[in-house]
$ cat query-v9.txt   # compact mmCIF, C-alpha atoms and all ligand atoms
# COMPACT_ATOMS: atom_id res chain seq x y z
CA MET B 1 10.55 11.69 26.94
CA VAL B 2 14.08 11.07 28.20
CA GLY B 3 15.73 14.49 28.37
CA ASP B 4 14.92 16.06 25.02
CA GLU B 5 14.76 12.72 23.22
CA VAL B 6 11.31 11.75 21.98
CA LYS B 7 10.65 8.02 21.81
CA VAL B 8 8.64 6.95 18.79
CA VAL B 9 7.20 3.49 18.21
CA HIS B 10 6.54 2.73 14.52
CA VAL B 11 4.17 -0.13 13.77
CA VAL B 12 4.08 -1.98 10.44
CA GLY B 13 2.53 -5.29 9.48
CA ALA B 14 1.82 -5.87 5.82
CA ARG B 15 3.47 -5.41 2.43
CA PRO B 16 2.06 -1.94 1.62
CA ASN B 17 3.34 -0.57 4.96
CA PHE B 18 7.01 -1.22 4.38
CA MET B 19 7.72 1.25 1.56
CA LYS B 20 5.94 3.95 3.61
CA VAL B 21 7.85 3.49 6.85
CA ALA B 22 11.30 3.15 5.22
CA PRO B 23 11.80 6.86 4.33
CA ILE B 24 10.39 7.97 7.71
CA LEU B 25 12.81 5.77 9.66
CA ARG B 26 15.67 6.97 7.47
CA GLU B 27 14.82 10.62 8.12
CA PHE B 28 14.48 10.08 11.87
CA ALA B 29 17.88 8.33 11.89
CA ARG B 30 19.48 11.15 9.85
CA ARG B 31 18.32 13.80 12.32
CA GLY B 32 19.28 11.68 15.33
CA SER B 33 16.99 13.60 17.67
CA HIS B 34 14.51 10.79 18.29
CA GLU B 35 14.65 7.24 19.49
CA SER B 36 12.84 4.96 17.03
CA PHE B 37 11.50 1.53 17.99
CA LEU B 38 10.15 -0.61 15.16
CA VAL B 39 7.35 -3.12 15.70
CA HIS B 40 6.50 -5.65 12.98
CA THR B 41 3.14 -7.22 13.80
CA GLY B 42 3.82 -10.23 11.56
CA GLN B 43 0.53 -9.83 9.65
CA HIS B 44 2.63 -10.65 6.58
CA TYR B 45 5.35 -13.20 7.19
CA ASP B 46 6.33 -14.74 3.84
CA ASP B 47 9.73 -13.76 2.53
CA ALA B 48 8.14 -12.43 -0.66
CA LEU B 49 5.65 -10.22 1.21
CA SER B 50 7.86 -9.07 4.06
CA THR B 51 11.57 -9.91 4.42
CA SER B 52 12.44 -9.04 0.82
CA PHE B 53 11.02 -5.54 1.36
CA PHE B 54 13.16 -4.99 4.46
CA HIS B 55 16.16 -6.04 2.40
CA ASP B 56 15.39 -3.93 -0.71
CA LEU B 57 14.44 -0.84 1.28
CA ASP B 58 17.24 -1.15 3.83
CA ILE B 59 14.80 -1.12 6.73
CA PRO B 60 16.48 -1.99 10.03
CA ALA B 61 15.44 -5.32 11.52
CA PRO B 62 12.35 -4.83 13.69
CA ASP B 63 13.00 -4.41 17.42
CA VAL B 64 10.16 -6.86 17.95
CA ASN B 65 8.09 -9.15 15.72
CA LEU B 66 4.68 -9.95 17.19
CA ALA B 67 4.19 -12.89 14.80
CA VAL B 68 0.39 -12.57 14.76
CA GLY B 69 0.09 -14.24 11.35
CA SER B 70 -3.12 -14.78 9.40
CA GLY B 71 -6.69 -15.18 10.62
CA THR B 72 -10.17 -13.74 10.34
CA HIS B 73 -10.39 -9.95 10.61
CA GLY B 74 -11.49 -10.25 14.24
CA GLU B 75 -8.75 -12.68 15.16
CA GLN B 76 -5.99 -10.76 13.40
CA THR B 77 -7.06 -7.32 14.66
CA ALA B 78 -7.48 -8.62 18.21
CA SER B 79 -4.11 -10.38 18.21
CA VAL B 80 -2.33 -7.21 17.09
CA LEU B 81 -4.25 -5.16 19.67
CA VAL B 82 -3.27 -7.43 22.57
CA ALA B 83 0.35 -7.90 21.50
CA THR B 84 0.93 -4.21 20.68
CA GLU B 85 -0.53 -3.10 24.01
CA ARG B 86 2.06 -5.23 25.82
CA VAL B 87 4.90 -3.63 23.85
CA LEU B 88 3.58 -0.12 24.47
CA LEU B 89 3.21 -0.75 28.20
CA ARG B 90 6.82 -1.89 28.28
CA GLU B 91 8.33 0.72 25.97
CA ARG B 92 6.20 3.70 27.06
CA PRO B 93 6.75 5.82 23.91
CA ASP B 94 5.79 9.48 23.54
CA LEU B 95 4.23 8.81 20.15
CA VAL B 96 3.07 5.91 17.97
CA VAL B 97 3.29 6.22 14.18
CA VAL B 98 1.08 4.02 12.00
CA VAL B 99 0.91 3.97 8.21
CA GLY B 100 -1.72 2.99 5.64
CA ASP B 101 -4.95 1.10 6.17
CA VAL B 102 -4.29 -2.56 6.97
CA ASN B 103 -5.62 -4.41 10.02
CA SER B 104 -2.33 -3.84 11.84
CA THR B 105 -2.72 -0.07 11.35
CA LEU B 106 -6.08 0.10 13.11
CA ALA B 107 -5.20 -2.38 15.85
CA ALA B 108 -1.96 -0.60 16.77
CA ALA B 109 -3.65 2.81 16.74
CA LEU B 110 -6.38 1.46 19.03
CA ALA B 111 -3.87 -0.05 21.47
CA ALA B 112 -2.04 3.30 21.72
CA ALA B 113 -5.13 5.50 21.92
CA LYS B 114 -6.57 3.42 24.79
CA LEU B 115 -3.32 3.87 26.69
CA GLY B 116 -3.46 7.62 26.11
CA ILE B 117 -0.42 7.58 23.81
CA PRO B 118 -0.79 10.02 20.89
CA VAL B 119 -0.99 8.45 17.44
CA ALA B 120 0.21 9.92 14.14
CA HIS B 121 -1.43 8.39 11.06
CA VAL B 122 0.53 8.57 7.82
CA GLU B 123 -1.75 8.41 4.74
CA ALA B 124 -4.72 9.79 6.66
CA GLY B 125 -7.94 10.96 5.06
CA LEU B 126 -8.20 8.66 2.03
CA ARG B 127 -11.79 7.49 1.49
CA SER B 128 -13.37 5.19 -1.07
CA GLY B 129 -16.84 5.70 0.42
CA ASP B 130 -17.22 1.91 0.31
CA ARG B 131 -17.62 0.45 3.77
CA SER B 132 -17.72 -3.09 2.44
CA MET B 133 -13.93 -2.81 2.10
CA PRO B 134 -12.07 -3.75 5.30
CA GLU B 135 -9.51 -1.03 4.55
CA GLU B 136 -12.21 1.69 4.55
CA ILE B 137 -13.26 0.70 8.08
CA ASN B 138 -9.59 0.74 9.09
CA ARG B 139 -9.11 4.22 7.58
CA LEU B 140 -12.21 5.74 9.19
CA LEU B 141 -11.49 4.41 12.66
CA THR B 142 -7.72 5.03 12.63
CA ASP B 143 -8.32 8.68 11.68
CA GLN B 144 -10.93 9.07 14.42
CA ILE B 145 -8.49 8.03 17.16
CA SER B 146 -5.29 9.60 15.80
CA GLU B 147 -4.10 12.94 17.08
CA ILE B 148 -1.96 13.86 14.06
CA LEU B 149 -3.36 13.22 10.58
CA LEU B 150 -0.65 13.35 7.91
CA THR B 151 -2.30 13.46 4.50
CA PRO B 152 -0.95 12.46 1.06
CA SER B 153 -3.23 14.65 -1.10
CA ARG B 154 -5.52 17.65 -0.71
CA ASP B 155 -8.67 15.55 -1.25
CA ALA B 156 -7.75 13.71 1.95
CA ASP B 157 -7.74 17.03 3.87
CA GLU B 158 -11.20 17.78 2.49
CA ASN B 159 -12.51 14.32 3.46
CA LEU B 160 -11.33 14.82 7.03
CA ARG B 161 -12.80 18.31 7.30
CA ALA B 162 -16.11 17.01 5.90
CA GLU B 163 -16.11 14.47 8.75
CA GLY B 164 -15.76 17.32 11.24
CA VAL B 165 -12.07 16.87 12.05
CA ASP B 166 -10.50 20.05 13.40
CA SER B 167 -8.02 21.58 10.95
CA SER B 168 -5.36 21.75 13.68
CA ARG B 169 -5.06 17.93 13.54
CA ILE B 170 -4.61 17.80 9.75
CA CYS B 171 -1.22 18.26 8.12
CA PHE B 172 -0.68 17.86 4.37
CA VAL B 173 2.71 16.20 3.82
CA GLY B 174 2.39 14.53 0.40
CA ASN B 175 2.86 10.91 -0.55
CA VAL B 176 5.68 9.16 1.30
CA MET B 177 5.42 6.06 -0.91
CA ILE B 178 6.88 8.16 -3.71
CA ASP B 179 10.01 8.78 -1.60
CA SER B 180 10.64 5.03 -1.84
CA LEU B 181 9.67 4.93 -5.51
CA ASP B 182 12.36 7.52 -6.24
CA VAL B 183 14.96 5.36 -4.49
CA ALA B 184 13.79 2.38 -6.54
CA MET B 185 13.91 4.29 -9.84
CA ALA B 186 17.59 4.97 -9.32
CA ARG B 187 18.25 1.24 -8.89
CA MET B 188 16.12 -0.31 -11.64
CA SER B 189 18.07 -2.31 -14.16
CA GLY B 190 15.61 -2.42 -17.07
CA GLU B 191 15.77 -5.51 -19.25
CA GLN B 192 17.74 -7.47 -16.64
CA ASP B 193 14.75 -7.27 -14.31
CA LEU B 194 12.54 -8.64 -17.07
CA ALA B 195 14.93 -11.45 -17.86
CA ALA B 196 14.79 -12.52 -14.20
CA ILE B 197 11.12 -13.39 -14.66
CA GLY B 198 11.42 -14.77 -18.19
CA LEU B 199 10.14 -11.70 -20.06
CA GLU B 200 11.72 -10.09 -23.09
CA ALA B 201 11.71 -6.38 -23.84
CA GLY B 202 8.55 -5.41 -25.74
CA PRO B 203 4.96 -4.73 -24.82
CA TYR B 204 3.39 -6.81 -22.06
CA ALA B 205 0.61 -6.40 -19.49
CA LEU B 206 1.11 -6.67 -15.74
CA LEU B 207 -1.76 -8.02 -13.63
CA THR B 208 -2.16 -8.08 -9.84
CA LEU B 209 -5.24 -9.06 -7.84
CA HIS B 210 -5.79 -9.68 -4.16
CA ARG B 211 -8.96 -7.86 -3.00
CA PRO B 212 -11.57 -10.20 -1.52
CA ASP B 213 -14.19 -8.49 -3.71
CA ASN B 214 -12.33 -9.79 -6.79
CA VAL B 215 -10.70 -13.03 -5.75
CA ASP B 216 -13.19 -14.47 -3.27
CA ARG B 217 -16.07 -14.30 -5.76
CA PRO B 218 -15.64 -16.94 -8.48
CA GLU B 219 -18.02 -15.17 -10.88
CA VAL B 220 -15.88 -12.00 -10.79
CA LEU B 221 -12.55 -13.81 -10.92
CA ARG B 222 -13.76 -15.90 -13.88
CA GLU B 223 -14.63 -12.76 -15.91
CA ILE B 224 -11.28 -11.14 -15.15
CA LEU B 225 -9.37 -14.27 -16.14
CA ALA B 226 -11.40 -14.59 -19.36
CA ALA B 227 -10.44 -11.02 -20.29
CA MET B 228 -6.80 -11.59 -19.39
CA ASP B 229 -6.65 -14.79 -21.43
CA GLU B 230 -7.91 -12.77 -24.42
CA ILE B 231 -5.34 -10.01 -23.78
CA ALA B 232 -2.63 -12.70 -23.60
CA ARG B 233 -3.28 -13.35 -27.32
CA ASP B 234 -2.16 -9.78 -27.98
CA VAL B 235 0.73 -9.35 -25.52
CA PRO B 236 2.25 -11.51 -22.77
CA VAL B 237 0.40 -11.13 -19.45
CA VAL B 238 2.46 -11.57 -16.31
CA PHE B 239 0.62 -12.10 -13.02
CA PRO B 240 2.63 -12.03 -9.75
CA ALA B 241 -0.03 -13.63 -7.61
CA HIS B 242 -0.66 -13.00 -3.89
CA PRO B 243 -0.85 -16.27 -1.87
CA ARG B 244 -4.50 -15.55 -1.13
CA THR B 245 -5.23 -15.35 -4.87
CA VAL B 246 -3.34 -18.56 -5.62
CA ALA B 247 -5.41 -20.31 -2.94
CA ARG B 248 -8.69 -18.99 -4.38
CA LEU B 249 -7.79 -20.03 -7.93
CA ARG B 250 -7.28 -23.54 -6.63
CA GLU B 251 -10.44 -23.53 -4.49
CA HIS B 252 -12.63 -22.24 -7.34
CA GLY B 253 -10.99 -24.64 -9.81
CA LEU B 254 -10.09 -21.73 -12.12
CA GLU B 255 -7.33 -21.97 -14.73
CA PRO B 256 -5.29 -18.87 -15.63
CA GLY B 257 -5.17 -19.90 -19.33
CA ALA B 258 -2.38 -18.14 -21.22
CA VAL B 259 -1.68 -15.79 -18.29
CA ARG B 260 1.75 -16.38 -16.71
CA VAL B 261 1.27 -16.78 -12.97
CA ILE B 262 4.46 -16.12 -11.01
CA ASP B 263 5.38 -15.63 -7.35
CA PRO B 264 4.99 -12.17 -5.76
CA LEU B 265 7.95 -9.99 -6.75
CA PRO B 266 10.40 -8.13 -4.51
CA TYR B 267 9.88 -4.35 -4.37
CA PHE B 268 12.52 -3.14 -6.84
CA THR B 269 11.80 -5.86 -9.39
CA MET B 270 8.07 -5.18 -9.18
CA LEU B 271 8.53 -1.46 -9.85
CA SER B 272 10.86 -2.14 -12.74
CA VAL B 273 8.38 -4.59 -14.28
CA MET B 274 5.62 -2.01 -13.72
CA ASN B 275 7.70 0.74 -15.30
CA GLN B 276 8.31 -1.23 -18.48
CA ALA B 277 4.73 -2.55 -18.88
CA ALA B 278 2.47 -1.33 -21.69
CA VAL B 279 -0.46 -1.45 -19.30
CA VAL B 280 -1.10 -2.40 -15.67
CA LEU B 281 -4.33 -4.05 -14.49
CA THR B 282 -4.70 -4.14 -10.73
CA ASP B 283 -6.86 -3.82 -7.63
CA SER B 284 -3.97 -2.47 -5.51
CA GLY B 285 -4.12 1.02 -4.02
CA GLY B 286 -0.39 1.58 -4.10
CA MET B 287 -0.01 0.59 -7.74
CA GLN B 288 -2.55 3.23 -8.77
CA GLU B 289 -0.15 5.77 -7.27
CA GLU B 290 3.04 4.23 -8.62
CA THR B 291 1.69 4.03 -12.19
CA THR B 292 0.68 7.69 -11.93
CA VAL B 293 4.28 8.72 -11.24
CA LEU B 294 5.75 6.22 -13.73
CA GLY B 295 3.21 7.34 -16.37
CA VAL B 296 2.10 3.80 -17.20
CA PRO B 297 -1.61 3.38 -18.14
CA CYS B 298 -3.44 1.73 -15.23
CA LEU B 299 -6.79 -0.04 -15.24
CA THR B 300 -8.12 -0.46 -11.70
CA LEU B 301 -10.44 -3.44 -11.45
CA ARG B 302 -12.65 -1.99 -8.73
CA PRO B 303 -15.92 -0.04 -8.54
CA ASN B 304 -14.26 2.82 -6.62
CA THR B 305 -10.96 4.21 -5.44
CA GLU B 306 -9.79 6.02 -2.30
CA ARG B 307 -7.15 7.64 -4.51
CA PRO B 308 -9.19 9.80 -6.97
CA ILE B 309 -6.17 12.01 -7.65
CA THR B 310 -4.68 9.13 -9.69
CA ILE B 311 -7.65 9.49 -12.06
CA ALA B 312 -7.79 13.31 -12.04
CA GLU B 313 -4.04 13.81 -12.50
CA GLY B 314 -2.63 10.40 -13.35
CA THR B 315 -3.06 7.49 -15.73
CA ASN B 316 -5.66 5.58 -13.73
CA ARG B 317 -9.16 4.61 -14.78
CA LEU B 318 -11.69 2.37 -13.09
CA VAL B 319 -13.21 -0.70 -14.68
CA ALA B 320 -16.12 -0.78 -12.28
CA ASP B 321 -18.11 -3.83 -13.39
CA ARG B 322 -15.05 -6.01 -14.13
CA SER B 323 -16.86 -7.79 -16.96
CA ARG B 324 -14.82 -9.36 -19.73
CA GLU B 325 -16.17 -6.84 -22.25
CA SER B 326 -15.47 -3.78 -20.10
CA ILE B 327 -11.93 -4.90 -19.33
CA LEU B 328 -11.18 -5.58 -22.99
CA ALA B 329 -12.63 -2.22 -24.09
CA ALA B 330 -10.56 -0.35 -21.46
CA TYR B 331 -7.46 -2.35 -22.38
CA ALA B 332 -7.84 -1.50 -26.09
CA GLU B 333 -7.77 2.22 -25.23
CA ALA B 334 -5.06 2.04 -22.57
CA VAL B 335 -2.57 0.01 -24.60
CA GLU B 336 -2.48 2.73 -27.27
CA GLU B 337 -1.67 5.48 -24.77
CA PRO B 338 1.83 6.96 -24.54
CA LYS B 339 3.60 7.15 -21.20
CA ARG B 340 2.40 10.18 -19.25
CA PRO B 341 4.28 10.60 -15.95
CA SER B 342 2.67 12.94 -13.46
CA ARG B 343 3.54 14.13 -9.97
CA PRO B 344 0.63 15.46 -7.94
CA GLU B 345 1.45 18.09 -5.30
CA GLY B 346 3.70 16.66 -2.59
CA TRP B 347 4.58 13.49 -4.54
CA ASP B 348 8.11 14.80 -4.85
CA GLY B 349 10.25 12.35 -2.91
CA ARG B 350 10.41 14.70 0.09
CA ALA B 351 7.33 13.65 2.07
CA ALA B 352 9.35 12.01 4.86
CA LEU B 353 11.09 15.34 5.52
CA ARG B 354 7.73 17.04 5.95
CA ILE B 355 6.42 14.17 8.11
CA VAL B 356 9.36 14.39 10.52
CA ASP B 357 9.14 18.22 10.50
CA ALA B 358 5.48 17.94 11.48
CA LEU B 359 6.20 15.40 14.22
CA GLU B 360 9.07 17.50 15.60
CA ALA B 361 6.82 20.57 15.63
CA TRP B 362 4.16 18.56 17.47
CA ALA B 363 6.73 17.27 20.01
CA THR B 364 7.92 20.78 20.86
CA SER B 365 4.45 22.34 20.99
C1 LIG S 401 -3.61 -7.20 3.36
C2 LIG S 401 -4.38 -5.91 3.62
C3 LIG S 401 -4.64 -5.19 2.30
C4 LIG S 401 -3.36 -5.00 1.52
C5 LIG S 401 -2.70 -6.35 1.32
C6 LIG S 401 -1.40 -6.24 0.54
C7 LIG S 401 -5.96 -5.93 5.51
C8 LIG S 401 -7.39 -5.95 5.87
N1 LIG S 401 -5.67 -6.17 4.23
O1 LIG S 401 -4.45 -8.06 2.62
O2 LIG S 401 -5.20 -3.92 2.59
O3 LIG S 401 -3.67 -4.42 0.28
O4 LIG S 401 -2.43 -6.91 2.61
O5 LIG S 401 -0.83 -7.48 0.32
O6 LIG S 401 -5.14 -5.69 6.34
N2 LIG S 401 -0.80 -14.97 3.43
C9 LIG S 401 0.32 -15.70 3.15
N3 LIG S 401 1.54 -15.19 3.53
C10 LIG S 401 1.67 -14.01 4.17
C11 LIG S 401 0.51 -13.29 4.47
C12 LIG S 401 -0.70 -13.77 4.09
O7 LIG S 401 0.26 -16.78 2.57
O8 LIG S 401 2.81 -13.61 4.46
C13 LIG S 401 -2.11 -15.50 3.01
C14 LIG S 401 -2.84 -16.20 4.12
O9 LIG S 401 -3.56 -17.26 3.57
C15 LIG S 401 -3.82 -15.15 4.59
C16 LIG S 401 -4.13 -14.38 3.32
O10 LIG S 401 -2.91 -14.41 2.58
O11 LIG S 401 -4.96 -15.68 5.20
C17 LIG S 401 -4.56 -12.96 3.54
O12 LIG S 401 -3.60 -12.25 4.31
P1 LIG S 401 -4.06 -10.95 5.14
O13 LIG S 401 -2.89 -10.30 5.78
O14 LIG S 401 -5.18 -11.31 6.04
O15 LIG S 401 -4.69 -10.01 4.05
P2 LIG S 401 -4.17 -9.61 2.58
O16 LIG S 401 -5.13 -10.19 1.61
O17 LIG S 401 -2.73 -9.90 2.42

$ encode --input "query-v9.txt" --output "structure tokens"
Amino acid sequence: MVGDEVKVVHVVGARPNFMKVAPILREFARRGSHESFLVHTGQHYDDALSTSFFHDLDIPAPDVNLAVGSGTHGEQTASVLVATERVLLRERPDLVVVVGDVNSTLAAALAAAKLGIPVAHVEAGLRSGDRSMPEEINRLLTDQISEILLTPSRDADENLRAEGVDSSRICFVGNVMIDSLDVAMARMSGEQDLAAIGLEAGPYALLTLHRPDNVDRPEVLREILAAMDEIARDVPVVFPAHPRTVARLREHGLEPGAVRVIDPLPYFTMLSVMNQAAVVLTDSGGMQEETTVLGVPCLTLRPNTERPITIAEGTNRLVADRSRESILAAYAEAVEEPKRPSRPEGWDGRAALRIVDALEAWATS
């Protein structure tokens, strides 16, 4: 700490981190009481997965980009660990803030914890109970080594307490991703956003897939594509495809049929396309939350979710076996549903205020 000024290093790396850090950085800047230093690990590096989000969300350019790039889990996690440690040794912050559950989240938390620098984890406590998912390992371990656990929903508090975490480390702040969603909602331009990707107003389905459990297994991906091809006879299906998914389609020799595969979309365009869809089919965690607030029916093509509140209070339902028949049956129900927006407790666009309040209280304690 220099005088009263607390130095905070924020670490982000992949697409789902950027909309979470943006409101926190903005709130820190507004209060002016802290020095923020932004590290981009470079886990995501494509314009569509990274730069466009900085632009849309007005995130300041990172103070450093570690450019770790892609690799196996071991390689990527280790590269972030080594490179982040160097930055922390140089910058000597009072606190490190990490968000979400990607490899960069865990690696940065580990680098800080080993140096004795306190870590605050934003989006702590979410659990799918499925340790075959890399993100579940990242969540469990990041929470173990973080001093301040900032949770998005009350179920997350309960998960942490059930793991024996002392209540003094847990702070419910709500869902900071919704702060960014609210900014996006004010800027959406409706039909213009559809025209940009060749869609006309009217019912359509939006598909996204990137989980290894779906895209790395040809037998699963084939079933999903068969269902989507069938749905495409009913309404247009638009599929902004992650580079990993595009590569797997090619490797497995799978054809998307009548599904329209397009490049990943920038943040605002994606939310606008989501908002106007008749139904969303996805394996993304964030989109389960966004569709809950937008009220758009969501079919999650996964056997489990770390975000059960989107089922209990939102529009989400799981299609656990991901068979063609199950997807079509769920689609037939979902497409008839009216919009039903819902805002779980703390998903009010003010989570960043509570996060910075909590961090200020910690700094002065
Ligand atoms: C990562 C996160 C996942 C998150 C997802 C959102 C982990 C373990 N996974 O998965 O939780 O939901 O981001 O997108 O951290 N690639 C590119 N360009 C890029 C980045 C990646 O082409 O800018 C390709 C590379 O071939 C790479 C592959 O995508 O090997 C996977 O990237 P990686 O960051 O390892 O994982 P994601 O699947 O993106």

$ residues_around --input "query-v9.txt" --residues "Arg92 in chain B" --least-positions-apart "6" --cutoff "10 Å" --atoms "all atoms listed in the file" --output "PDB file with C-alpha atoms, in the frame of the given file"
ATOM      1  CA  MET B   1      10.550  11.690  26.940  1.00  0.00           C
ATOM      2  CA  LYS B   7      10.650   8.020  21.810  1.00  0.00           C
ATOM      3  CA  VAL B   8       8.640   6.950  18.790  1.00  0.00           C
ATOM      4  CA  VAL B   9       7.200   3.490  18.210  1.00  0.00           C
ATOM      5  CA  ARG B  86       2.060  -5.230  25.820  1.00  0.00           C
ATOM      6  CA  ALA B 112      -2.040   3.300  21.720  1.00  0.00           C
ATOM      7  CA  LEU B 115      -3.320   3.870  26.690  1.00  0.00           C
ATOM      8  CA  ILE B 117      -0.420   7.580  23.810  1.00  0.00           C
TER       9      ILE B 117
END

$ closest_atom_pairs --input "query-v9.txt" --of "chain B" --to "ligand LIG 401 (chain S)" --cutoff "9 Å" --atoms "all atoms listed in the file" --output "CSV"
residue,atom,partner,partner_atom,distance
B:Gly13,CA,S:LIG401,O13,8.3
B:Ala14,CA,S:LIG401,O4,5.4
B:Arg15,CA,S:LIG401,O5,5.2
B:Pro16,CA,S:LIG401,C6,5.6
B:Asn17,CA,S:LIG401,C6,8.6
B:Gly42,CA,S:LIG401,O8,7.9
B:Gln43,CA,S:LIG401,O13,5.2
B:His44,CA,S:LIG401,O8,3.6
B:Tyr45,CA,S:LIG401,O8,3.8
B:Asp46,CA,S:LIG401,O8,3.7
B:Asp47,CA,S:LIG401,O8,7.2
B:Ala48,CA,S:LIG401,O8,7.5
B:Leu49,CA,S:LIG401,O8,5.5
B:Ser50,CA,S:LIG401,O8,6.8
B:Gly69,CA,S:LIG401,C11,7.0
B:Ser70,CA,S:LIG401,O11,4.7
B:Gly71,CA,S:LIG401,O11,5.7
B:Thr72,CA,S:LIG401,O14,7.0
B:His73,CA,S:LIG401,C8,6.9
B:Gln76,CA,S:LIG401,O14,7.4
B:Thr77,CA,S:LIG401,O6,8.7
B:Gly100,CA,S:LIG401,O2,8.3
B:Asp101,CA,S:LIG401,O2,6.2
B:Val102,CA,S:LIG401,O6,3.3
B:Asn103,CA,S:LIG401,O6,3.9
B:Ser104,CA,S:LIG401,O6,6.4
B:Thr105,CA,S:LIG401,O6,7.9
B:Leu106,CA,S:LIG401,O6,9.0
B:Met133,CA,S:LIG401,C8,8.2
B:Pro134,CA,S:LIG401,C8,5.2
B:Glu135,CA,S:LIG401,C8,5.5
B:Asn138,CA,S:LIG401,C8,7.7
B:His210,CA,S:LIG401,O16,5.8
B:Arg211,CA,S:LIG401,O16,6.4
B:Pro212,CA,S:LIG401,O16,7.2
B:His242,CA,S:LIG401,O5,6.9
B:Pro243,CA,S:LIG401,O7,4.6
B:Arg244,CA,S:LIG401,O10,4.2
B:Thr245,CA,S:LIG401,O10,7.9
B:Ala247,CA,S:LIG401,O9,7.4
B:Asp283,CA,S:LIG401,O3,8.6
B:Ser284,CA,S:LIG401,O3,6.1
B:Gly285,CA,S:LIG401,O3,6.9
B:Gly286,CA,S:LIG401,O3,8.1

$ atom_distance --input "query-v9.txt" --atom1 "CA of Ala358 in chain B" --atom2 "CA of Ala109 in chain B"
18.4 Å

$ closest_residue --input "query-v9.txt" --among "B:Glu147, B:Asp357, B:Glu230, B:Asp94" --to "Val173 in chain B" --atoms "only C-alpha atoms"
B:Asp357

$ axis_aligned_box --input "query-v9.txt" --around "range 81-100 of chain B" --padding-each-side "3 Å" --output "AutoDock Vina command-line options"
--center_x 2.0 --center_y 0.8 --center_z 17.0 --size_x 18.6 --size_y 23.4 --size_z 28.6

$ closest_residue --input "query-v9.txt" --among "B:His252, B:Arg161, B:Arg217, B:Arg131" --to "Glu306 in chain B" --atoms "only C-alpha atoms"
B:Arg131

$ decode --input "query-v9.txt" --residues "range 186-199 of chain B" --atoms "C-alpha atoms" --output "mmCIF file, in the first residue's frame"
data_model
loop_
_atom_site.group_PDB
_atom_site.id
_atom_site.type_symbol
_atom_site.label_atom_id
_atom_site.label_comp_id
_atom_site.auth_asym_id
_atom_site.auth_seq_id
_atom_site.Cartn_x
_atom_site.Cartn_y
_atom_site.Cartn_z
ATOM 1 C CA ALA B 186 -29.242 0.129 -23.547
ATOM 2 C CA ARG B 187 -27.163 -0.085 -26.736
ATOM 3 C CA MET B 188 -28.867 -2.881 -28.662
ATOM 4 C CA SER B 189 -30.219 -1.849 -32.012
ATOM 5 C CA GLY B 190 -32.730 -4.637 -32.695
ATOM 6 C CA GLU B 191 -33.254 -5.529 -36.331
ATOM 7 C CA GLN B 192 -30.056 -3.761 -37.426
ATOM 8 C CA ASP B 193 -28.040 -6.266 -35.401
ATOM 9 C CA LEU B 194 -29.849 -9.101 -37.158
ATOM 10 C CA ALA B 195 -29.290 -7.595 -40.575
ATOM 11 C CA ALA B 196 -25.549 -7.484 -39.850
ATOM 12 C CA ILE B 197 -25.510 -11.288 -39.769
ATOM 13 C CA GLY B 198 -28.022 -11.819 -42.571
ATOM 14 C CA LEU B 199 -31.073 -12.557 -40.411
#
